[in-house]
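Working notes, beginning with the structure itself.
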Amino acid sequence: MDFKKEVVELIGGQVDLPQEKITALIERPKNAKLGDYAFPCFVLAKTLHKNPVEIAKNIADQLSSEDFSEIKAVGPYVNFAINHQKLIAETLTMVLRYGQHYGDQTLGKGNVPIDMSSPNIAKPMSMGHLRSTVIGNSIAKTLAKVGYTPIKINYIGDYGTQFGKLIAAYKHWGNEEDVKKDPIMNLFHYYVKFHEEAEKDPTLDDEGRAWFKKLEDGDPEAVKLWQWFRDVSLVDFKRIYDELGISFDSYKGEAFFNDKMQPVIDELKEKGLLHESRGAQVVDMGEGENPAMIVKSDGTSIYLTRDLAAAIYRMKTYHFVKMLYVVGNEQAQHFVELKTVLKKMGYAWADDIYHVPFGLITQGGKKLSTRKGNVVFLDQVLRDAVSLAQKQIEQKNPDLADQKQVAHDVGVGAVIFHDLKNDRTDNFDFDLEEVVRFEGDTGPYVQYTNARAQSVLRKAAKLKQQAKTKAISLTDDWAFAVAKDLADFPEIVARASEKFEPSVIAKYSLDLAKKFNKYYANVKILTVDEQIGDRLALVQATSIVLTESLRLLGVNAPKEM
Ligand code: ARG
């Protein structure tokens with residue numbers, strides 16, 4: 001039941017304005033006592049030569065509908081108060097009928113590659129990569145719910161001059177056993193050591209360059225080491241992805257595009273877009289903008305060129321309707337260049353490319369930097385969160401079956417939810433205690449609320465009571481508050497998918513949980529009377545939507561905790 005649409009239709013029958021215009025004008029009265037929707041009449045004053053107060057009164061007098069308990073003029077507005085009982089009944093019936101598919105809709109279709117996570121091999125995955133991973137994953141699930149086919153691409157950073165340095169470092173200080181034991185940590189240490197030593201002994205840099213050259217030329221030893229570094233790094237990354245419950249459709253990283261850049265460079269040349277600037281090959285970005293570098297003066301290709309090749313490859317492979325890059329805000333300029341160059345090459349689909357940026361995570365107000373050792377280790381964060389969850393369960397619910405799984409769902413859920421609950425472009429300071437906090441606006445709070453609803457349903461089953469699915473009748477304000485949120489869910493999903501913004505769903509789930517907890521505190525749900533089935537319908541519908549909201553965020557919803 002779409003009450004807003006109904007308002008639009010009712011108003012549309014009275015005034016000479018297009019539907020879209022009416023939809024855009026409708027407001028929510030600040031004071032809920034004045035109604036649920038308000039249509040302002042100011043725009044009509046000119047054409048009707050009347051004052052808006054009079055117009056509002058005339059319109060209101062003409063209207064009546066079963067779906068609204070009241071339609072009246074309030075000053076220059078026509079206000080609509082939803083028939084609460086009707087909203088509750090229709091919404092709960094819908095949620096129970098569709099179950100987890102409630103909120104499914106078709107806003108579009110076709111492939112949507114999502115470039116996400118994309119850590120660099122032989123380096124610890126950063127908080128930024130974690131953000132990209134969980135934001136991208138939630139966007140993928142949300143897009144799937146509204147009809148698209150997401151394709152999660154992990155564009156691994158597995159190529160570049162730094163791998164020459166890494167090979168040189170390994171040859172000097174490396175040891176196979178250590179790399180096998182703790183690959184990323186040790187490879188990373190070699191790399192850091194290389195930089196320290198190179199400050200004292202610049203010939204090391206030449207060695208690094210020489211190894212990179214060998215790698216480019218396909219020297220067997222160089223290629224073998226590079227392949228090995230890549231493989232062991234991926235094993236480390238996959239451990240984190242498994243913890244998070246996230247998988248990818250493609251791991252085609254930077255190296256895959258090595259042989260696909262020259263054709264792009266040739267094409268740029270053919271189209272007359274390349275020109276020389278201080279020995280480098282560049283494309284003009286327009287008045288007052290720095291040109292985009294395509295080939296460096298030493299002949300090596302760069303990040304942008306690779307991304308051009310990757311974008312063209314993805315278009316040919318997936319024929320996408322949109323393509324997203326979930327990458328930190330600090331790379332905004334890079335994606336502007338990517339789109340501009342593609343546009344100049346004549347690819348109209350460049351307009352379907354979206355950089356989906358997110359804010360920076362700092363620690364103690366400082367930027368995190370792997371090089372300077374100011375790092376947060378993700379494995380550790382996840383482990384800490386899970387063990388804290390485990391402790392809480394041991395205290396609160398020592399008899400719980402499946403403790404391990406629940407502790408995992410709650411701990412990891414806390415980390416993911418923490419990352420998703422703020423607008424993605426907000427910067428935030430990382431504070432482990434804050435991340436593993438389970439009270440207040442947190443994932444565990446939403447999970448706990450859902451488990452509470454499930455517990456009510458279990459108790460009801462023992463009393464041989466179950467949720468009604470039809471002719472549901474509830475009238476109290478607490479039930480209305482919950483049902484109103486439930487009714488909003490499809491619109492929430494639509495907004496989250498249009499804005500590529502998981503926080504819309506996270507904030508919504510917190511709000512729904514709060515409203516449900518108020519209901520729970522104020523209404524005796526399990527009293528066996530003729531309305532128990534109606535109340536259970538509300539409990540079950542709430543659990544369905546909380547579970548689905550969490551699923552869209554990539555968070556599990558244990559039935560008991
Ligand atoms: N590996 C890069 C980094 O860690 C991110 C890659 C983002 N994706 C892309 N297509 N450029 O900064």
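By convention here, the chains of the structure tokens are called A, B, ... in the order presented, each chain's residues are numbered starting at 1, and ligands are numbered starting at 1 in the order presented.
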Practice task
Excluding Leu63 of chain A and any residue of its chain fewer than 2 positions from it, enumerate the residues within 9 Å of it, using only C-alpha atoms, and give them as a list in words.
Solution key: Leu10, Ile11, Gln14, Ile59, Ala60, Asp61, Ser65, Ile71 and Lys72 of chain A
Any chance you can output those residues with C-alpha atoms as a PDB file, in the first residue's frame?
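Saved as part-v3.pdb:
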ATOM      1  CA  LEU A  10      -6.207  12.401  -4.788  1.00  0.00           C
ATOM      2  CA  ILE A  11      -4.542  15.781  -5.271  1.00  0.00           C
ATOM      3  CA  GLN A  14      -8.360  18.232  -7.972  1.00  0.00           C
ATOM      4  CA  ILE A  59      -9.357  20.997  -2.064  1.00  0.00           C
ATOM      5  CA  ALA A  60      -9.717  19.424   1.372  1.00  0.00           C
ATOM      6  CA  ASP A  61     -13.501  19.810   1.235  1.00  0.00           C
ATOM      7  CA  SER A  65     -10.773   8.275   1.246  1.00  0.00           C
ATOM      8  CA  ILE A  71      -7.989  15.072   5.172  1.00  0.00           C
ATOM      9  CA  LYS A  72      -8.106  18.692   6.221  1.00  0.00           C
TER      10      LYS A  72
END
Problem - 9 Å shell around ligand 1 using only C-alpha atoms and all ligand atoms, listed as a PyMOL selection string - result: chain A and resi 115-121+125-126+128-129+154-158+253-254+303-304+306-308+310-311+325-328+331+334-335
For the residues in the current selection, export N, CA and C atoms as a tab-separated table (two decimals), in the first residue's frame.
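As written to disk, again_20.tsv reads:
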chain	number	residue	atom	x	y	z
A	115	ASP	N	33.95	-2.54	-8.88
A	115	ASP	CA	35.38	-2.62	-8.60
A	115	ASP	C	35.53	-2.32	-7.12
A	116	MET	N	35.91	-3.31	-6.34
A	116	MET	CA	35.91	-3.13	-4.88
A	116	MET	C	37.02	-3.92	-4.21
A	117	SER	N	37.33	-3.53	-3.01
A	117	SER	CA	38.39	-4.14	-2.18
A	117	SER	C	39.77	-3.83	-2.76
A	118	SER	N	40.19	-4.58	-3.78
A	118	SER	CA	41.40	-4.28	-4.53
A	118	SER	C	42.64	-3.90	-3.70
A	119	PRO	N	43.03	-4.77	-2.78
A	119	PRO	CA	44.25	-4.50	-2.00
A	119	PRO	C	45.49	-4.75	-2.86
A	120	ASN	N	46.63	-4.36	-2.33
A	120	ASN	CA	47.88	-4.54	-3.06
A	120	ASN	C	48.63	-5.72	-2.47
A	121	ILE	N	49.14	-6.60	-3.33
A	121	ILE	CA	49.79	-7.80	-2.80
A	121	ILE	C	51.06	-7.43	-2.06
A	125	MET	N	46.30	-5.59	4.17
A	125	MET	CA	45.09	-4.92	3.71
A	125	MET	C	44.80	-3.76	4.67
A	126	SER	N	44.49	-2.60	4.13
A	126	SER	CA	44.30	-1.43	4.99
A	126	SER	C	42.85	-1.27	5.39
A	128	GLY	N	41.14	1.19	4.61
A	128	GLY	CA	40.49	1.69	3.41
A	128	GLY	C	40.00	0.54	2.54
A	129	HIS	N	40.83	-0.50	2.42
A	129	HIS	CA	40.40	-1.66	1.63
A	129	HIS	C	39.22	-2.37	2.31
A	154	ASN	N	37.59	-7.86	-7.87
A	154	ASN	CA	38.71	-7.51	-7.00
A	154	ASN	C	39.91	-7.21	-7.90
A	155	TYR	N	40.14	-5.93	-8.11
A	155	TYR	CA	41.20	-5.47	-9.01
A	155	TYR	C	42.50	-5.38	-8.20
A	156	ILE	N	43.03	-6.57	-7.94
A	156	ILE	CA	44.21	-6.69	-7.08
A	156	ILE	C	45.39	-5.84	-7.61
A	157	GLY	N	46.02	-5.14	-6.71
A	157	GLY	CA	47.22	-4.37	-7.08
A	157	GLY	C	48.41	-5.32	-7.12
A	158	ASP	N	48.63	-5.93	-8.28
A	158	ASP	CA	49.65	-6.97	-8.35
A	158	ASP	C	50.72	-6.65	-9.38
A	253	GLY	N	43.41	-8.66	-11.71
A	253	GLY	CA	44.09	-7.50	-11.15
A	253	GLY	C	44.86	-6.71	-12.18
A	254	GLU	N	45.71	-5.84	-11.71
A	254	GLU	CA	46.43	-4.94	-12.62
A	254	GLU	C	47.27	-5.68	-13.64
A	303	TYR	N	49.05	3.84	-13.75
A	303	TYR	CA	47.76	3.47	-13.15
A	303	TYR	C	46.58	3.79	-14.06
A	304	LEU	N	46.54	5.01	-14.58
A	304	LEU	CA	45.40	5.44	-15.41
A	304	LEU	C	45.27	4.61	-16.69
A	306	ARG	N	46.27	1.60	-17.25
A	306	ARG	CA	45.79	0.27	-16.89
A	306	ARG	C	44.28	0.29	-16.66
A	307	ASP	N	43.83	1.33	-15.96
A	307	ASP	CA	42.39	1.42	-15.69
A	307	ASP	C	41.59	1.66	-16.96
A	308	LEU	N	42.19	2.37	-17.93
A	308	LEU	CA	41.51	2.55	-19.22
A	308	LEU	C	41.33	1.19	-19.89
A	310	ALA	N	41.33	-1.70	-18.46
A	310	ALA	CA	40.40	-2.52	-17.67
A	310	ALA	C	38.94	-2.13	-17.96
A	311	ALA	N	38.68	-0.83	-18.05
A	311	ALA	CA	37.31	-0.37	-18.29
A	311	ALA	C	36.82	-0.85	-19.65
A	325	TYR	N	33.15	2.12	-9.06
A	325	TYR	CA	34.46	1.98	-8.44
A	325	TYR	C	34.33	2.43	-6.99
A	326	VAL	N	34.38	1.46	-6.09
A	326	VAL	CA	34.27	1.80	-4.66
A	326	VAL	C	35.70	2.02	-4.15
A	327	VAL	N	36.14	3.25	-4.22
A	327	VAL	CA	37.53	3.59	-3.92
A	327	VAL	C	37.55	4.91	-3.14
A	328	GLY	N	38.50	5.02	-2.23
A	328	GLY	CA	38.60	6.21	-1.36
A	328	GLY	C	38.55	7.53	-2.12
A	331	GLN	N	41.21	9.30	-4.35
A	331	GLN	CA	41.47	8.99	-5.77
A	331	GLN	C	40.45	9.63	-6.71
A	334	HIS	N	41.65	10.81	-10.09
A	334	HIS	CA	41.97	9.71	-11.00
A	334	HIS	C	40.72	9.27	-11.78
A	335	PHE	N	39.59	9.18	-11.08
A	335	PHE	CA	38.39	8.70	-11.76
A	335	PHE	C	37.77	9.77	-12.66
Give me the residues of segment 227-297 of chain A that have any atom at most 10 Å from an atom of segment 376-389 of chain A; for each, the nearest atom pair and the distance in Å, rounded to one decimal. Use only C-alpha atoms, sort by chain and number, and format it as CSV.
residue,atom,partner,partner_atom,distance
A:Asp236,CA,A:Asp379,CA,9.7
A:Phe237,CA,A:Asp379,CA,9.7
A:Arg239,CA,A:Asp379,CA,8.7
A:Ile240,CA,A:Asp379,CA,6.7
A:Glu243,CA,A:Leu382,CA,8.0
A:Leu244,CA,A:Leu382,CA,8.8
Exercise for the section: Identify, on the basis of only C-alpha atoms, every residue whose closest approach to Val95 of chain A does not exceed 9 Å; exclude the query and any residue fewer than 6 positions from it along the same chain; express the result as a list in words. Expected result: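 Surrounding residues, per the criterion: His101, Tyr102, Gly103, Leu486, Ala487, Gln540, Ala541, Thr542, Ile544 and Val545 of chain A.
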Exercise for the section: Using only C-alpha atoms, determine which residues lie at most 10 Å from segment 219-224 of chain A, disregarding the query and same-chain residues fewer than 4 positions distant; provide the list as a ChimeraX atom specification. Expected result: /A:163-164,167-168,211-215,228-230
Practice task
Could you please write out, as a PyMOL selection string, every residue of segment 373-530 of chain A that DSSP assigns to alpha helix (DSSP H)?
Solution key: chain A and resi 378-396+403-420+432-435+443-462+477-499+503-522
Practice task
Could you give me, as a ChimeraX atom specification, the residues within 10 Å of Asp402 of chain A, counting only C-alpha atoms and dropping anything in the same chain fewer than 4 positions from it?
Solution key: /A:406-407,558,560-561
